[in-house]
Amino acid sequence: MKITIICVGKLKEKYLVQAVGEYSKRLSRYCNMEIIELPDEKTPDNASTSLEEIIKNKEGERILKALKPDSYCIALAIEGAMLSSEELASKISELAIKGNSHITFIIGGSLGLSQGVLSRADYQLSFSKMTFPHQLMRVILLEQIYRSYRINHNQPYHK
């Protein structure tokens with residue numbers, strides 16, 4: 001299976017780059033992993049709601065261009081379904097059984113995802129009602145994908 005993560009913004013902190021590298025290396029045993037970093041738009045302080053929408057739409061256009069049409073698209077969105085680690089593992093396994101050989105996870109920028117991206121998504125996933133920095137979310141997502149593969153292969157992983 002191929003897993004792609006499309007994310008807006010570049011990782012700046014060394015510890016996050018190292019964590020992404022570690023989980024990518026671990027995941028290479030289970031799947032073909034690709035991370036696509038797209039440029040983010042600069043958001044001025046005190047931006048109006050309409051300017052924020054324009055920024056989300058610009059980032060959304062880049063995301064949609066990077067998205068392969070045959071990929072099953074999972075958008076990370078606060079409004080999405082909340083799953084346990086076991087339920088996410090089951091979802092990934094179920095997609096593979098149904099013939100989806102490519103899953104793309106999408107992490108938006110600091111303002112979230114455009115309506116166009118959310119509409120294109122086959123599934124919306126929420127990790128919490130809390131807000132997380134989008135750079136940290138990349139590490140959390142990779143860890144949960146890795147945990148899913150460990151669960152699906154009946155391999156131990158700490159709880």
# chains A, B, ... in the order shown; residues from 1 in each chain; ligands from 1

$ residues_around --residues "Gly60 of chain A" --least-positions-apart "3" --cutoff "6 Å" --atoms "only C-alpha atoms" --output "JSON, numbers by chain"
{"A": [56, 57, 63, 114, 117]}

$ select_by_dssp --residues "segment 16-66 of chain A" --states "strand (DSSP E or B)" --output "number ranges by chain"
A: 32-38

$ closest_residue --among "A:Asn100, A:Thr43, A:Gln135, A:Thr49" --to "Ile3 of chain A" --atoms "only C-alpha atoms"
A:Asn100

$ residues_around --residues "Phe127 of chain A" --least-positions-apart "3" --cutoff "8 Å" --atoms "only C-alpha atoms" --output "PyMOL selection string"
chain A and resi 76+78+82-83

$ write_last_selection --atoms "C-alpha atoms" --output "PDB file, in the first residue's frame"
ATOM      1  CA  LEU A  76      -7.712  15.900   8.957  1.00  0.00           C
ATOM      2  CA  ILE A  78     -11.725  19.101  13.619  1.00  0.00           C
ATOM      3  CA  MET A  82     -12.927  10.599  16.005  1.00  0.00           C
ATOM      4  CA  LEU A  83     -11.509   7.080  15.947  1.00  0.00           C
TER       5      LEU A  83
END

$ residues_around --residues "Lys65 of chain A" --least-positions-apart "3" --cutoff "12 Å" --atoms "only C-alpha atoms" --output "PyMOL selection string"
chain A and resi 6+36+38+58-62+68-69+116-117+120

$ write_last_selection --atoms "C-alpha atoms" --output "PDB file, in the first residue's frame"
ATOM      1  CA  ILE A   6       0.067  16.127   1.831  1.00  0.00           C
ATOM      2  CA  ILE A  36       4.490  16.178   0.060  1.00  0.00           C
ATOM      3  CA  LEU A  38       3.312  22.478  -0.025  1.00  0.00           C
ATOM      4  CA  LYS A  58      -5.054  29.295  -2.297  1.00  0.00           C
ATOM      5  CA  GLU A  59      -3.597  26.537  -0.131  1.00  0.00           C
ATOM      6  CA  GLY A  60      -6.543  24.305  -1.056  1.00  0.00           C
ATOM      7  CA  GLU A  61      -5.847  24.733  -4.783  1.00  0.00           C
ATOM      8  CA  ARG A  62      -2.273  23.533  -4.220  1.00  0.00           C
ATOM      9  CA  LYS A  68      -3.868  11.851  -7.179  1.00  0.00           C
ATOM     10  CA  PRO A  69      -7.383  11.133  -8.525  1.00  0.00           C
ATOM     11  CA  GLY A 116     -13.024  22.533  -1.724  1.00  0.00           C
ATOM     12  CA  VAL A 117     -10.564  20.141  -0.089  1.00  0.00           C
ATOM     13  CA  ARG A 120     -13.111  16.289  -2.231  1.00  0.00           C
TER      14      ARG A 120
END

$ residues_around --residues "segment 24-26 of chain A" --least-positions-apart "3" --cutoff "12 Å" --atoms "only C-alpha atoms" --output "list in words"
Ile3, Thr4, Ile5, Val17, Gln18, Ala19, Val20, Gly21, Arg29, Tyr30, Cys31, Asn32, Met33, Glu34, Ile35, Arg138, Val139, Leu141, Leu142, Glu143, Gln144, Ile145, Tyr146, Arg147, Tyr149 and Arg150 of chain A

$ write_last_selection --atoms "C-alpha atoms" --output "PDB file, in the first residue's frame"
ATOM      1  CA  ILE A   3       0.504   6.228   1.991  1.00  0.00           C
ATOM      2  CA  THR A   4       0.899   9.878   1.036  1.00  0.00           C
ATOM      3  CA  ILE A   5       0.726  12.770   3.439  1.00  0.00           C
ATOM      4  CA  VAL A  17      12.112  16.711  11.401  1.00  0.00           C
ATOM      5  CA  GLN A  18      13.858  13.929  13.359  1.00  0.00           C
ATOM      6  CA  ALA A  19      10.552  12.464  14.578  1.00  0.00           C
ATOM      7  CA  VAL A  20       9.099  12.471  11.046  1.00  0.00           C
ATOM      8  CA  GLY A  21      12.282  10.775   9.811  1.00  0.00           C
ATOM      9  CA  ARG A  29       8.640  -1.922   6.553  1.00  0.00           C
ATOM     10  CA  TYR A  30       4.885  -1.785   6.000  1.00  0.00           C
ATOM     11  CA  CYS A  31       4.109   0.628   3.186  1.00  0.00           C
ATOM     12  CA  ASN A  32       5.469   2.983   0.579  1.00  0.00           C
ATOM     13  CA  MET A  33       5.459   6.391   2.312  1.00  0.00           C
ATOM     14  CA  GLU A  34       5.582   9.811   0.656  1.00  0.00           C
ATOM     15  CA  ILE A  35       5.320  13.227   2.281  1.00  0.00           C
ATOM     16  CA  ARG A 138       2.360  15.466  11.077  1.00  0.00           C
ATOM     17  CA  VAL A 139       4.274  13.568  13.785  1.00  0.00           C
ATOM     18  CA  LEU A 141      -0.430  11.263  12.300  1.00  0.00           C
ATOM     19  CA  LEU A 142       2.694   9.276  11.382  1.00  0.00           C
ATOM     20  CA  GLU A 143       2.755   7.705  14.840  1.00  0.00           C
ATOM     21  CA  GLN A 144      -0.876   6.636  14.512  1.00  0.00           C
ATOM     22  CA  ILE A 145      -0.342   5.203  11.021  1.00  0.00           C
ATOM     23  CA  TYR A 146       2.648   3.263  12.376  1.00  0.00           C
ATOM     24  CA  ARG A 147       0.569   2.076  15.344  1.00  0.00           C
ATOM     25  CA  TYR A 149       0.227  -1.187  10.952  1.00  0.00           C
ATOM     26  CA  ARG A 150       1.568  -2.721  14.163  1.00  0.00           C
TER      27      ARG A 150
END

$ select_by_dssp --residues "chain A" --states "alpha helix (DSSP H)" --output "PyMOL selection string"
chain A and resi 14-27+49-66+85-97+115-120+134-152

$ closest_atom_pairs --of "segment 51-99 of chain A" --to "segment 105-110 of chain A" --cutoff "7 Å" --atoms "only C-alpha atoms" --output "JSON lines"
{"residue": "A:Cys73", "atom": "CA", "partner": "A:Phe105", "partner_atom": "CA", "distance": 6.0}
{"residue": "A:Ile74", "atom": "CA", "partner": "A:Phe105", "partner_atom": "CA", "distance": 4.7}
{"residue": "A:Ala75", "atom": "CA", "partner": "A:Ile106", "partner_atom": "CA", "distance": 4.7}
{"residue": "A:Leu76", "atom": "CA", "partner": "A:Ile107", "partner_atom": "CA", "distance": 5.7}
